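Structure file model35.csv with CSV, C-alpha atoms:
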```csv
chain,number,residue,atom,x,y,z
A,1,MET,CA,-22.0,34.6,-21.8
A,2,ALA,CA,-25.0,36.7,-22.2
A,3,ALA,CA,-22.9,39.4,-23.9
A,4,ALA,CA,-21.5,36.8,-26.3
A,5,LEU,CA,-24.9,35.6,-27.2
A,6,SER,CA,-26.3,39.1,-27.6
A,7,PHE,CA,-23.4,40.0,-30.0
A,8,SER,CA,-24.2,36.9,-32.0
A,9,CYS,CA,-27.8,38.0,-32.2
A,10,SER,CA,-26.9,41.6,-33.4
A,11,HIS,CA,-24.5,40.2,-36.0
A,12,THR,CA,-27.1,37.8,-37.1
A,13,HIS,CA,-29.8,40.4,-37.9
A,14,ASP,CA,-27.3,42.5,-39.8
A,15,THR,CA,-26.2,39.6,-41.9
A,16,ALA,CA,-29.8,38.5,-42.5
A,17,GLN,CA,-30.6,42.0,-43.9
A,18,GLU,CA,-27.7,41.9,-46.3
A,19,SER,CA,-28.3,38.5,-47.8
A,20,GLU,CA,-31.2,36.2,-48.7
A,21,VAL,CA,-31.3,33.5,-46.0
A,22,GLU,CA,-33.9,30.9,-45.6
A,23,SER,CA,-36.5,31.8,-42.9
A,24,HIS,CA,-37.7,29.2,-40.4
A,25,ASN,CA,-40.9,29.2,-38.4
A,26,HIS,CA,-40.5,28.5,-34.7
A,27,GLY,CA,-43.1,27.9,-32.1
A,28,GLU,CA,-43.6,30.4,-29.3
A,29,ASP,CA,-42.0,28.1,-26.8
A,30,GLU,CA,-39.1,27.1,-29.0
A,31,ILE,CA,-35.6,28.2,-28.0
A,32,VAL,CA,-33.4,29.2,-30.9
A,33,LEU,CA,-29.7,28.8,-30.7
A,34,HIS,CA,-27.7,28.8,-34.0
A,35,ALA,CA,-25.7,25.6,-34.6
A,36,HIS,CA,-22.5,27.6,-34.9
A,37,ASP,CA,-23.1,29.2,-31.5
A,38,ALA,CA,-24.0,25.8,-30.0
A,39,GLU,CA,-20.8,24.3,-31.2
A,40,LYS,CA,-18.8,27.3,-30.0
A,41,PHE,CA,-20.2,27.2,-26.5
A,42,GLY,CA,-19.8,23.4,-26.1
A,43,VAL,CA,-23.5,22.4,-26.5
A,44,ARG,CA,-23.6,18.7,-27.1
A,45,THR,CA,-26.6,16.4,-27.7
A,46,ILE,CA,-27.3,12.7,-27.5
A,47,LYS,CA,-30.2,10.4,-28.5
A,48,ILE,CA,-32.0,8.7,-25.7
A,49,ALA,CA,-32.1,5.0,-25.5
A,50,THR,CA,-33.0,2.5,-22.8
A,51,ASP,CA,-30.3,0.7,-21.0
A,52,THR,CA,-29.5,-1.4,-17.9
A,53,PHE,CA,-29.5,0.6,-14.6
A,54,ASN,CA,-28.8,-0.6,-11.1
A,55,GLU,CA,-30.9,-0.1,-8.0
A,56,ILE,CA,-29.2,2.8,-6.1
A,57,ILE,CA,-28.5,2.9,-2.4
A,58,PRO,CA,-27.5,6.4,-1.2
A,59,ALA,CA,-24.8,6.3,1.5
A,60,PHE,CA,-21.7,8.2,2.8
A,61,GLY,CA,-18.2,7.1,3.4
A,62,LYS,CA,-14.6,8.0,4.1
A,63,ILE,CA,-11.3,7.4,2.3
A,64,LEU,CA,-8.7,5.7,4.5
A,65,ASN,CA,-5.2,4.5,4.0
A,66,SER,CA,-5.1,0.8,3.3
A,67,PRO,CA,-4.3,-1.2,6.5
A,68,SER,CA,-1.9,-3.4,4.5
A,69,GLY,CA,-0.2,-0.2,3.2
A,70,ILE,CA,0.7,1.2,6.6
A,71,ALA,CA,4.1,0.4,8.1
A,72,THR,CA,6.1,1.4,11.1
A,73,ILE,CA,9.7,2.4,11.0
A,74,VAL,CA,11.5,1.2,14.2
A,75,ALA,CA,14.8,2.0,15.8
A,76,PRO,CA,17.4,-0.7,14.9
A,77,LYS,CA,19.2,-0.2,18.2
A,78,ALA,CA,19.1,1.9,21.4
A,79,GLY,CA,20.6,5.4,21.3
A,80,GLN,CA,20.0,9.0,20.3
A,81,ILE,CA,18.1,9.5,17.0
A,82,LYS,CA,18.9,12.2,14.4
A,83,PHE,CA,16.6,12.6,11.4
A,84,ALA,CA,18.0,13.1,8.0
A,85,PRO,CA,17.6,16.6,6.3
A,86,GLY,CA,14.3,16.9,4.6
A,87,ILE,CA,12.6,14.3,6.6
A,88,VAL,CA,9.3,15.9,7.7
A,89,GLN,CA,5.7,14.7,8.1
A,90,GLY,CA,4.1,14.3,4.7
A,91,CYS,CA,7.3,13.8,2.7
A,92,ALA,CA,7.7,11.0,0.2
A,93,ILE,CA,9.7,8.0,1.3
A,94,ARG,CA,11.2,5.1,-0.8
A,95,GLN,CA,11.4,1.5,0.3
A,96,GLY,CA,14.7,1.0,2.1
A,97,GLN,CA,15.4,4.7,2.5
A,98,SER,CA,17.0,5.8,5.8
A,99,ILE,CA,15.0,8.5,7.6
A,100,GLY,CA,17.6,9.0,10.2
A,101,SER,CA,20.5,7.4,12.2
A,102,ILE,CA,20.9,6.3,15.8
A,103,SER,CA,24.0,6.8,17.8
A,104,SER,CA,24.7,4.7,20.9
A,105,THR,CA,27.4,7.0,22.2
A,106,GLY,CA,26.7,7.9,25.8
A,107,VAL,CA,24.2,5.1,26.2
A,108,SER,CA,24.5,3.2,29.5
A,109,GLY,CA,26.2,-0.1,28.9
A,110,GLY,CA,27.9,1.1,25.8
A,111,ASP,CA,27.2,0.1,22.2
A,112,ALA,CA,25.8,-3.4,22.3
A,113,ASP,CA,26.4,-3.8,18.5
A,114,LYS,CA,30.1,-3.0,18.8
A,115,SER,CA,30.4,-5.6,21.5
A,116,ALA,CA,28.5,-8.1,19.4
A,117,LYS,CA,30.7,-7.3,16.4
A,118,ALA,CA,33.9,-7.8,18.5
A,119,ARG,CA,32.6,-11.1,19.8
A,120,LEU,CA,31.8,-12.2,16.2
A,121,ASP,CA,35.3,-11.2,14.9
A,122,LEU,CA,36.9,-13.1,17.8
A,123,ALA,CA,34.8,-16.3,17.2
A,124,LYS,CA,35.6,-16.1,13.5
A,125,ARG,CA,39.3,-15.9,14.1
A,126,GLU,CA,39.2,-18.8,16.5
A,127,LEU,CA,37.2,-20.9,14.0
A,128,ASP,CA,39.7,-20.1,11.2
A,129,ARG,CA,42.6,-21.1,13.5
A,130,LEU,CA,41.1,-24.5,14.5
A,131,SER,CA,40.0,-25.5,11.0
A,132,PRO,CA,43.5,-26.6,9.7
A,133,LEU,CA,44.3,-28.2,13.1
A,134,LEU,CA,41.2,-30.4,12.8
A,135,ALA,CA,42.4,-31.4,9.3
A,136,ASP,CA,45.8,-32.4,10.7
A,137,GLY,CA,44.2,-34.3,13.6
A,138,ILE,CA,45.7,-32.1,16.2
A,139,ILE,CA,42.3,-31.2,17.8
A,140,THR,CA,39.2,-33.3,18.2
A,141,LYS,CA,35.9,-32.8,16.3
A,142,ARG,CA,34.3,-31.9,19.6
A,143,GLU,CA,36.7,-28.9,20.1
A,144,TYR,CA,36.0,-27.7,16.5
A,145,ASN,CA,32.2,-28.0,16.9
A,146,ALA,CA,32.3,-26.0,20.1
A,147,ALA,CA,34.2,-23.2,18.3
A,148,LYS,CA,31.8,-23.3,15.4
A,149,ALA,CA,28.8,-23.1,17.7
A,150,GLU,CA,30.3,-20.0,19.4
A,151,TYR,CA,30.8,-18.4,15.9
A,152,GLU,CA,27.2,-19.1,14.8
A,153,GLN,CA,25.8,-17.7,18.1
A,154,ALA,CA,27.9,-14.6,17.8
A,155,LYS,CA,26.8,-14.2,14.1
A,156,ALA,CA,23.1,-14.5,15.1
A,157,GLU,CA,23.5,-11.8,17.8
A,158,TYR,CA,25.2,-9.3,15.5
A,159,SER,CA,23.0,-7.3,13.0
A,160,PRO,CA,24.8,-5.3,10.4
A,161,ALA,CA,21.6,-3.3,9.9
A,162,ALA,CA,21.4,-2.4,13.5
A,163,ALA,CA,25.1,-1.7,13.7
A,164,SER,CA,24.7,1.0,11.0
A,165,GLY,CA,22.1,2.7,13.1
A,166,ALA,CA,20.0,3.6,10.1
A,167,ALA,CA,16.2,3.6,10.6
A,168,LEU,CA,14.9,2.2,7.3
A,169,SER,CA,11.5,2.4,5.8
A,170,PRO,CA,10.0,-1.1,4.9
A,171,ILE,CA,7.7,0.4,2.2
A,172,SER,CA,7.4,3.3,-0.2
A,173,GLY,CA,4.8,6.0,0.6
A,174,SER,CA,4.3,9.1,2.6
A,175,LEU,CA,5.6,9.8,6.1
A,176,THR,CA,2.3,10.2,8.0
A,177,GLU,CA,3.5,10.5,11.5
A,178,MET,CA,6.7,11.4,13.4
A,179,LEU,CA,6.6,9.6,16.8
A,180,VAL,CA,9.9,11.0,18.2
A,181,LYS,CA,12.0,14.1,17.4
A,182,THR,CA,15.6,14.6,16.7
A,183,GLY,CA,17.7,14.2,19.9
A,184,ASP,CA,15.3,11.8,21.6
A,185,PHE,CA,16.8,8.6,23.1
A,186,VAL,CA,15.1,5.5,21.8
A,187,SER,CA,15.3,1.8,22.6
A,188,ALA,CA,15.9,-1.0,20.1
A,189,GLY,CA,12.6,-1.8,18.3
A,190,GLN,CA,10.9,1.4,19.4
A,191,PRO,CA,8.6,2.9,16.7
A,192,VAL,CA,9.9,6.2,15.5
A,193,ALA,CA,7.6,7.0,12.5
A,194,THR,CA,4.8,5.6,10.3
A,195,VAL,CA,4.6,5.4,6.5
A,196,ALA,CA,1.4,5.0,4.4
A,197,SER,CA,1.6,3.5,1.0
A,198,ASP,CA,0.4,5.7,-1.9
A,199,SER,CA,-0.6,2.8,-4.1
A,200,GLU,CA,-3.8,1.6,-2.4
A,201,LEU,CA,-6.6,3.2,-0.4
A,202,THR,CA,-9.6,1.9,1.5
A,203,LEU,CA,-13.2,3.2,1.0
A,204,GLU,CA,-15.3,2.7,4.1
A,205,ILE,CA,-19.0,3.1,3.4
A,206,HIS,CA,-21.7,3.5,6.0
A,207,VAL,CA,-25.2,2.3,5.1
A,208,PRO,CA,-28.4,2.4,7.4
A,209,ALA,CA,-28.8,-0.9,9.0
A,210,ARG,CA,-32.4,-1.2,7.7
A,211,LEU,CA,-30.9,-1.6,4.2
A,212,TYR,CA,-28.7,-4.5,5.2
A,213,SER,CA,-30.6,-7.1,3.2
A,214,SER,CA,-30.1,-5.0,0.0
A,215,LEU,CA,-26.4,-5.1,0.3
A,216,ALA,CA,-26.0,-8.6,-1.0
A,217,SER,CA,-26.6,-7.4,-4.6
A,218,VAL,CA,-24.1,-4.5,-4.4
A,219,GLU,CA,-21.8,-4.5,-7.5
A,220,GLY,CA,-19.9,-1.3,-7.1
A,221,ALA,CA,-20.4,2.4,-6.3
A,222,ASN,CA,-20.0,5.9,-7.5
A,223,ILE,CA,-18.3,8.3,-5.1
A,224,ARG,CA,-18.1,12.1,-5.0
A,225,PRO,CA,-15.5,13.8,-2.8
A,226,ALA,CA,-17.0,16.4,-0.5
A,227,GLY,CA,-17.2,19.8,-2.0
A,228,SER,CA,-16.7,18.6,-5.6
A,229,ASP,CA,-19.2,18.3,-8.5
A,230,TYR,CA,-17.8,15.2,-10.2
A,231,TRP,CA,-18.4,11.5,-9.6
A,232,ILE,CA,-15.9,8.6,-9.9
A,233,SER,CA,-16.8,5.0,-10.1
A,234,THR,CA,-15.0,2.4,-8.1
A,235,GLN,CA,-14.4,0.6,-11.4
A,236,GLU,CA,-12.4,3.6,-12.6
A,237,LEU,CA,-10.3,3.2,-9.5
A,238,ASP,CA,-9.8,-0.5,-10.0
A,239,GLY,CA,-12.0,-1.0,-6.9
A,240,LYS,CA,-12.4,-4.4,-5.3
A,241,PHE,CA,-15.2,-5.2,-2.8
A,242,LYS,CA,-13.6,-6.4,0.5
A,243,GLY,CA,-16.7,-7.3,2.5
A,244,LYS,CA,-19.1,-5.8,5.0
A,245,ALA,CA,-19.5,-5.7,8.8
A,246,PRO,CA,-22.0,-8.5,9.8
A,247,GLN,CA,-24.1,-6.2,12.0
A,248,SER,CA,-24.7,-2.6,12.8
A,249,ASN,CA,-22.5,-2.6,16.0
A,250,ASN,CA,-25.3,-0.5,17.7
A,251,SER,CA,-24.6,2.6,15.6
A,252,GLY,CA,-27.5,2.2,13.3
A,253,PHE,CA,-25.2,1.6,10.3
A,254,VAL,CA,-23.4,-1.2,8.7
A,255,SER,CA,-20.1,-0.8,7.0
A,256,LEU,CA,-18.9,-1.9,3.5
A,257,PHE,CA,-15.2,-1.8,2.4
A,258,PHE,CA,-13.7,-1.4,-1.0
A,259,ALA,CA,-10.0,-1.4,-1.9
A,260,LEU,CA,-9.2,1.4,-4.3
A,261,GLY,CA,-6.2,2.2,-6.5
A,262,ASN,CA,-4.8,5.7,-5.7
A,263,THR,CA,-5.0,7.8,-8.8
A,264,GLY,CA,-4.5,11.1,-7.0
A,265,GLU,CA,-8.1,12.1,-7.5
A,266,ILE,CA,-9.1,11.4,-3.9
A,267,MET,CA,-7.3,12.2,-0.7
A,268,PRO,CA,-6.9,9.9,2.4
A,269,GLY,CA,-9.0,11.2,5.2
A,270,SER,CA,-11.6,12.9,3.0
A,271,PHE,CA,-15.4,12.2,3.2
A,272,VAL,CA,-17.3,11.2,0.2
A,273,ASP,CA,-20.9,10.9,-1.0
A,274,VAL,CA,-21.7,7.4,-2.2
A,275,MET,CA,-24.2,5.9,-4.6
A,276,LEU,CA,-24.0,2.1,-4.2
A,277,LYS,CA,-25.0,0.1,-7.3
A,278,GLY,CA,-27.4,-2.8,-6.4
A,279,ALA,CA,-29.4,-5.2,-8.5
A,280,PRO,CA,-29.4,-4.4,-12.3
A,281,ARG,CA,-32.7,-3.4,-14.0
A,282,SER,CA,-33.2,-3.4,-17.8
A,283,GLY,CA,-35.2,-1.2,-20.1
A,284,ILE,CA,-34.5,2.0,-18.1
A,285,MET,CA,-34.5,5.4,-19.9
A,286,LEU,CA,-31.4,7.3,-18.8
A,287,VAL,CA,-29.9,10.8,-19.3
A,288,PRO,CA,-26.6,12.2,-18.1
A,289,SER,CA,-27.1,14.0,-14.7
A,290,GLY,CA,-25.9,17.2,-16.3
A,291,ALA,CA,-28.8,17.2,-18.8
A,292,VAL,CA,-31.4,17.8,-16.1
A,293,THR,CA,-32.0,21.3,-14.9
A,294,GLU,CA,-34.2,22.5,-12.1
A,295,GLN,CA,-36.4,25.6,-12.1
A,296,GLN,CA,-38.7,26.5,-9.3
A,297,GLY,CA,-38.6,22.9,-8.0
A,298,ALA,CA,-39.5,21.3,-11.3
A,299,LYS,CA,-37.1,19.2,-13.4
A,300,PHE,CA,-36.6,19.9,-17.1
A,301,VAL,CA,-34.5,18.6,-20.1
A,302,TYR,CA,-33.9,20.5,-23.3
A,303,VAL,CA,-34.9,18.6,-26.4
A,304,ARG,CA,-33.5,19.5,-29.8
A,305,VAL,CA,-36.4,19.8,-32.3
A,306,ASP,CA,-34.4,21.0,-35.3
A,307,GLU,CA,-31.0,22.2,-36.3
A,308,ASP,CA,-31.2,25.4,-34.4
A,309,GLY,CA,-34.3,24.9,-32.1
A,310,TYR,CA,-34.7,23.4,-28.7
A,311,GLU,CA,-37.7,22.9,-26.4
A,312,LYS,CA,-37.7,22.8,-22.6
A,313,VAL,CA,-39.5,19.6,-21.6
A,314,PRO,CA,-40.6,18.8,-18.0
A,315,VAL,CA,-39.6,15.4,-16.8
A,316,THR,CA,-40.2,13.1,-13.8
A,317,ILE,CA,-37.0,11.6,-12.6
A,318,GLY,CA,-36.3,8.4,-10.6
A,319,GLN,CA,-33.0,7.2,-9.2
A,320,THR,CA,-29.6,8.6,-9.9
A,321,ASP,CA,-26.1,7.2,-9.5
A,322,GLY,CA,-24.6,10.6,-9.7
A,323,LYS,CA,-23.5,10.2,-13.3
A,324,SER,CA,-26.9,9.2,-14.8
A,325,VAL,CA,-30.5,10.0,-14.0
A,326,GLU,CA,-33.5,7.7,-14.5
A,327,ILE,CA,-36.3,9.3,-16.5
A,328,LEU,CA,-39.8,8.1,-15.5
A,329,SER,CA,-41.9,10.3,-17.8
A,330,GLY,CA,-41.6,13.3,-20.1
A,331,LEU,CA,-39.3,11.8,-22.7
A,332,THR,CA,-39.3,8.9,-25.2
A,333,PRO,CA,-36.5,6.8,-26.7
A,334,GLY,CA,-35.0,8.4,-29.8
A,335,MET,CA,-35.4,12.0,-28.6
A,336,GLU,CA,-32.3,14.1,-29.0
A,337,ILE,CA,-31.5,16.0,-25.8
A,338,VAL,CA,-28.8,18.4,-24.7
A,339,SER,CA,-26.3,16.5,-22.7
A,340,GLU,CA,-23.6,19.2,-22.3
A,341,GLY,CA,-23.7,23.0,-22.3
A,342,VAL,CA,-27.2,23.1,-20.8
A,343,THR,CA,-26.3,26.5,-19.2
A,344,PHE,CA,-26.0,28.1,-22.7
A,345,VAL,CA,-29.3,26.8,-23.9
A,346,ARG,CA,-30.9,28.1,-20.8
A,347,LEU,CA,-29.2,31.4,-21.4
A,348,ALA,CA,-30.6,31.6,-24.9
A,349,GLU,CA,-34.0,30.8,-23.5
A,350,THR,CA,-34.0,33.8,-21.1
A,351,SER,CA,-32.2,36.2,-23.4
A,352,GLY,CA,-34.3,35.5,-26.5
A,353,ASN,CA,-31.4,35.6,-28.9
A,354,VAL,CA,-32.1,34.9,-32.5
A,355,PRO,CA,-29.2,33.3,-34.3
A,356,GLU,CA,-28.0,34.0,-37.7
A,357,GLY,CA,-30.3,33.1,-40.6
A,358,HIS,CA,-33.5,33.0,-38.5
A,359,SER,CA,-36.5,35.2,-38.2
A,360,HIS,CA,-39.5,34.7,-35.9
A,361,ASN,CA,-42.9,34.5,-37.8
A,362,HIS,CA,-45.5,33.7,-35.2
```
Write the structure described by the file as structure tokens, please.
Amino acid sequence: MAAALSFSCSHTHDTAQESEVESHNHGEDEIVLHAHDAEKFGVRTIKIATDTFNEIIPAFGKILNSPSGIATIVAPKAGQIKFAPGIVQGCAIRQGQSIGSISSTGVSGGDADKSAKARLDLAKRELDRLSPLLADGIITKREYNAAKAEYEQAKAEYSPAAASGAALSPISGSLTEMLVKTGDFVSAGQPVATVASDSELTLEIHVPARLYSSLASVEGANIRPAGSDYWISTQELDGKFKGKAPQSNNSGFVSLFFALGNTGEIMPGSFVDVMLKGAPRSGIMLVPSGAVTEQQGAKFVYVRVDEDGYEKVPVTIGQTDGKSVEILSGLTPGMEIVSEGVTFVRLAETSGNVPEGHSHNH
């Protein structure tokens, strides 16, 4: 970046010598960056205005699979399980998809489903035989009803799904846990795997118990996945507040819960930094968090003073929600500040580059 700016400076002076270009006077503390270079390096500016800003409550949290989005796949009958090819932990599963089959061959007592099917077939044949006899008055209604009851009982005891031996997933999602392995013997109804839905996640937020009274005004939150530099609002994730724990359960923290849509930007099991948004406040001067730079412990913002000139202005900051920063002093509404590309303005400040069409007359 420094080389690029230096090249621009060298090219600038050569061009200035070959043509008549208007000369501008700049103060000693003014940072000069030609508008063309600013555009090329992605330097963007905004005008400051007052806005509504929430009280911020810093916290931390964890992304969890939604409890309503976790399901268990069970064995439909007793027998030896064999998982289908490609079924491994973490793989995607569709609702109704079979992850494996269960064979009752060799199981003590035989295949109960085969016995149930044989009994059902026998009861059906008997009922079909007696139906015309009842119509002809050859048998009594009592005899017919007994045959019908036998058929209904056999029908209730027989499960086509169980007879197939297929272990089916009740929801779509990811296979999060394999509870048995191929070749294991399982009993009917035994859990064999768990599936977590990919559509919804739960954000569990931990807040110091001393701030419990402030949580009544919480409207939402911004979250930042650990190790990242970007913030996401719960609103962007279609977040819905689900409630909070009534007390600190002796841990010194209370817990809040949000249901979030899964956009793929956050991963279940990951920890996140949280900025809870509390009661709104009006008339607050805000700048994007990326506009504020720190040097030797002091905070600064770059203010654009003319087309090619910038000034580094010290500021006092207040609260931040991760995306925006409250300015307490140093700026006034209407000022034009650098909102993006601050690094390049700072580079121009330290390198002393003079852009095309400018000369310093101090």
Mind checking which residues fall within 12 Å of Leu175 in chain A, counting all atoms listed in the file, ignoring those fewer than 2 positions away in the same chain, and posting them as a PyMOL selection string? chain A and resi 69-73+86-95+97+99+169-173+177-179+192-198
Residue contacts of Leu120 in chain A (6 Å, all atoms listed in the file) excluding same-chain residues fewer than 2 positions away, as a ChimeraX atom specification: /A:117-118,122-123,154-155
Just checking: using all atoms listed in the file, which residue out of A:Ile56, A:Ile63, A:Ala84, A:Ala135 ends up closest to Ser101 in chain A?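 Closest to Ser101 in chain A, using all atoms listed in the file: A:Ala84.
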Out of A:Phe253, A:Phe271, A:Tyr310, A:Phe258, which residue has the shortest atom-to-atom distance to Gly239 in chain A when counting all atoms listed in the file?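 Closest to Gly239 in chain A of all the choices is A:Phe258.
Across the model, the gap from CA of Gly220 in chain A to CA of Ile46 in chain A is 25.8 Å.
The space between CA of Ile31 in chain A and CA of Ile327 in chain A spans 22.1 Å.
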Incomplete range 310-319 of chain A filled out to all heavy atoms as a PDB file, keeping the file's coordinate frame:
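Output file rebuild-v9.pdb follows:
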```pdb
ATOM      1  N   TYR A 310     -34.638  24.305 -29.841  1.00  0.00           N
ATOM      2  CA  TYR A 310     -34.700  23.400 -28.700  1.00  0.00           C
ATOM      3  C   TYR A 310     -35.995  23.709 -27.910  1.00  0.00           C
ATOM      4  O   TYR A 310     -36.568  24.817 -27.980  1.00  0.00           O
ATOM      5  CB  TYR A 310     -33.514  23.715 -27.724  1.00  0.00           C
ATOM      6  CG  TYR A 310     -32.169  23.515 -28.379  1.00  0.00           C
ATOM      7  CD1 TYR A 310     -31.582  24.530 -29.138  1.00  0.00           C
ATOM      8  CD2 TYR A 310     -31.487  22.311 -28.262  1.00  0.00           C
ATOM      9  CE1 TYR A 310     -30.353  24.359 -29.755  1.00  0.00           C
ATOM     10  CE2 TYR A 310     -30.251  22.121 -28.876  1.00  0.00           C
ATOM     11  CZ  TYR A 310     -29.697  23.151 -29.626  1.00  0.00           C
ATOM     12  OH  TYR A 310     -28.481  22.965 -30.236  1.00  0.00           O
ATOM     13  N   GLU A 311     -36.434  22.729 -27.195  1.00  0.00           N
ATOM     14  CA  GLU A 311     -37.700  22.900 -26.400  1.00  0.00           C
ATOM     15  C   GLU A 311     -37.402  22.382 -24.993  1.00  0.00           C
ATOM     16  O   GLU A 311     -36.759  21.351 -24.783  1.00  0.00           O
ATOM     17  CB  GLU A 311     -38.780  22.024 -27.045  1.00  0.00           C
ATOM     18  CG  GLU A 311     -40.109  22.136 -26.320  1.00  0.00           C
ATOM     19  CD  GLU A 311     -41.188  21.266 -26.959  1.00  0.00           C
ATOM     20  OE1 GLU A 311     -40.919  20.674 -28.027  1.00  0.00           O
ATOM     21  OE2 GLU A 311     -42.278  21.169 -26.374  1.00  0.00           O
ATOM     22  N   LYS A 312     -37.894  23.140 -24.032  1.00  0.00           N
ATOM     23  CA  LYS A 312     -37.700  22.800 -22.600  1.00  0.00           C
ATOM     24  C   LYS A 312     -38.888  21.819 -22.258  1.00  0.00           C
ATOM     25  O   LYS A 312     -40.057  22.201 -22.319  1.00  0.00           O
ATOM     26  CB  LYS A 312     -37.744  23.990 -21.736  1.00  0.00           C
ATOM     27  CG  LYS A 312     -37.498  23.669 -20.259  1.00  0.00           C
ATOM     28  CD  LYS A 312     -37.303  24.919 -19.427  1.00  0.00           C
ATOM     29  CE  LYS A 312     -38.586  25.716 -19.301  1.00  0.00           C
ATOM     30  NZ  LYS A 312     -38.423  26.874 -18.399  1.00  0.00           N
ATOM     31  N   VAL A 313     -38.529  20.596 -21.857  1.00  0.00           N
ATOM     32  CA  VAL A 313     -39.500  19.600 -21.600  1.00  0.00           C
ATOM     33  C   VAL A 313     -39.487  19.176 -20.108  1.00  0.00           C
ATOM     34  O   VAL A 313     -38.424  18.789 -19.610  1.00  0.00           O
ATOM     35  CB  VAL A 313     -39.290  18.325 -22.461  1.00  0.00           C
ATOM     36  CG1 VAL A 313     -40.288  17.227 -22.119  1.00  0.00           C
ATOM     37  CG2 VAL A 313     -39.371  18.687 -23.935  1.00  0.00           C
ATOM     38  N   PRO A 314     -40.622  19.274 -19.411  1.00  0.00           N
ATOM     39  CA  PRO A 314     -40.600  18.800 -18.000  1.00  0.00           C
ATOM     40  C   PRO A 314     -40.541  17.312 -17.925  1.00  0.00           C
ATOM     41  O   PRO A 314     -41.108  16.588 -18.753  1.00  0.00           O
ATOM     42  CB  PRO A 314     -41.994  19.332 -17.497  1.00  0.00           C
ATOM     43  CG  PRO A 314     -42.842  19.456 -18.727  1.00  0.00           C
ATOM     44  CD  PRO A 314     -41.921  19.819 -19.852  1.00  0.00           C
ATOM     45  N   VAL A 315     -39.801  16.826 -16.934  1.00  0.00           N
ATOM     46  CA  VAL A 315     -39.600  15.400 -16.800  1.00  0.00           C
ATOM     47  C   VAL A 315     -39.817  14.989 -15.316  1.00  0.00           C
ATOM     48  O   VAL A 315     -39.674  15.807 -14.402  1.00  0.00           O
ATOM     49  CB  VAL A 315     -38.218  14.936 -17.234  1.00  0.00           C
ATOM     50  CG1 VAL A 315     -38.058  15.127 -18.729  1.00  0.00           C
ATOM     51  CG2 VAL A 315     -37.114  15.669 -16.459  1.00  0.00           C
ATOM     52  N   THR A 316     -40.144  13.730 -15.141  1.00  0.00           N
ATOM     53  CA  THR A 316     -40.200  13.100 -13.800  1.00  0.00           C
ATOM     54  C   THR A 316     -38.997  12.196 -13.701  1.00  0.00           C
ATOM     55  O   THR A 316     -38.818  11.324 -14.559  1.00  0.00           O
ATOM     56  CB  THR A 316     -41.482  12.347 -13.578  1.00  0.00           C
ATOM     57  OG1 THR A 316     -42.604  13.211 -13.799  1.00  0.00           O
ATOM     58  CG2 THR A 316     -41.538  11.806 -12.153  1.00  0.00           C
ATOM     59  N   ILE A 317     -38.183  12.389 -12.684  1.00  0.00           N
ATOM     60  CA  ILE A 317     -37.000  11.600 -12.600  1.00  0.00           C
ATOM     61  C   ILE A 317     -37.126  10.528 -11.483  1.00  0.00           C
ATOM     62  O   ILE A 317     -37.944  10.667 -10.564  1.00  0.00           O
ATOM     63  CB  ILE A 317     -35.738  12.458 -12.272  1.00  0.00           C
ATOM     64  CG1 ILE A 317     -35.841  13.116 -10.893  1.00  0.00           C
ATOM     65  CG2 ILE A 317     -35.545  13.514 -13.352  1.00  0.00           C
ATOM     66  CD1 ILE A 317     -34.569  13.831 -10.465  1.00  0.00           C
ATOM     67  N   GLY A 318     -36.328   9.457 -11.636  1.00  0.00           N
ATOM     68  CA  GLY A 318     -36.300   8.400 -10.600  1.00  0.00           C
ATOM     69  C   GLY A 318     -34.986   8.410  -9.895  1.00  0.00           C
ATOM     70  O   GLY A 318     -34.578   9.448  -9.358  1.00  0.00           O
ATOM     71  N   GLN A 319     -34.291   7.304  -9.901  1.00  0.00           N
ATOM     72  CA  GLN A 319     -33.000   7.200  -9.200  1.00  0.00           C
ATOM     73  C   GLN A 319     -31.881   7.793  -9.959  1.00  0.00           C
ATOM     74  O   GLN A 319     -31.946   7.929 -11.182  1.00  0.00           O
ATOM     75  CB  GLN A 319     -32.751   5.750  -8.803  1.00  0.00           C
ATOM     76  CG  GLN A 319     -33.738   5.146  -7.814  1.00  0.00           C
ATOM     77  CD  GLN A 319     -33.315   3.760  -7.374  1.00  0.00           C
ATOM     78  OE1 GLN A 319     -32.851   2.945  -8.165  1.00  0.00           O
ATOM     79  NE2 GLN A 319     -33.468   3.473  -6.089  1.00  0.00           N
TER      80      GLN A 319
END
```
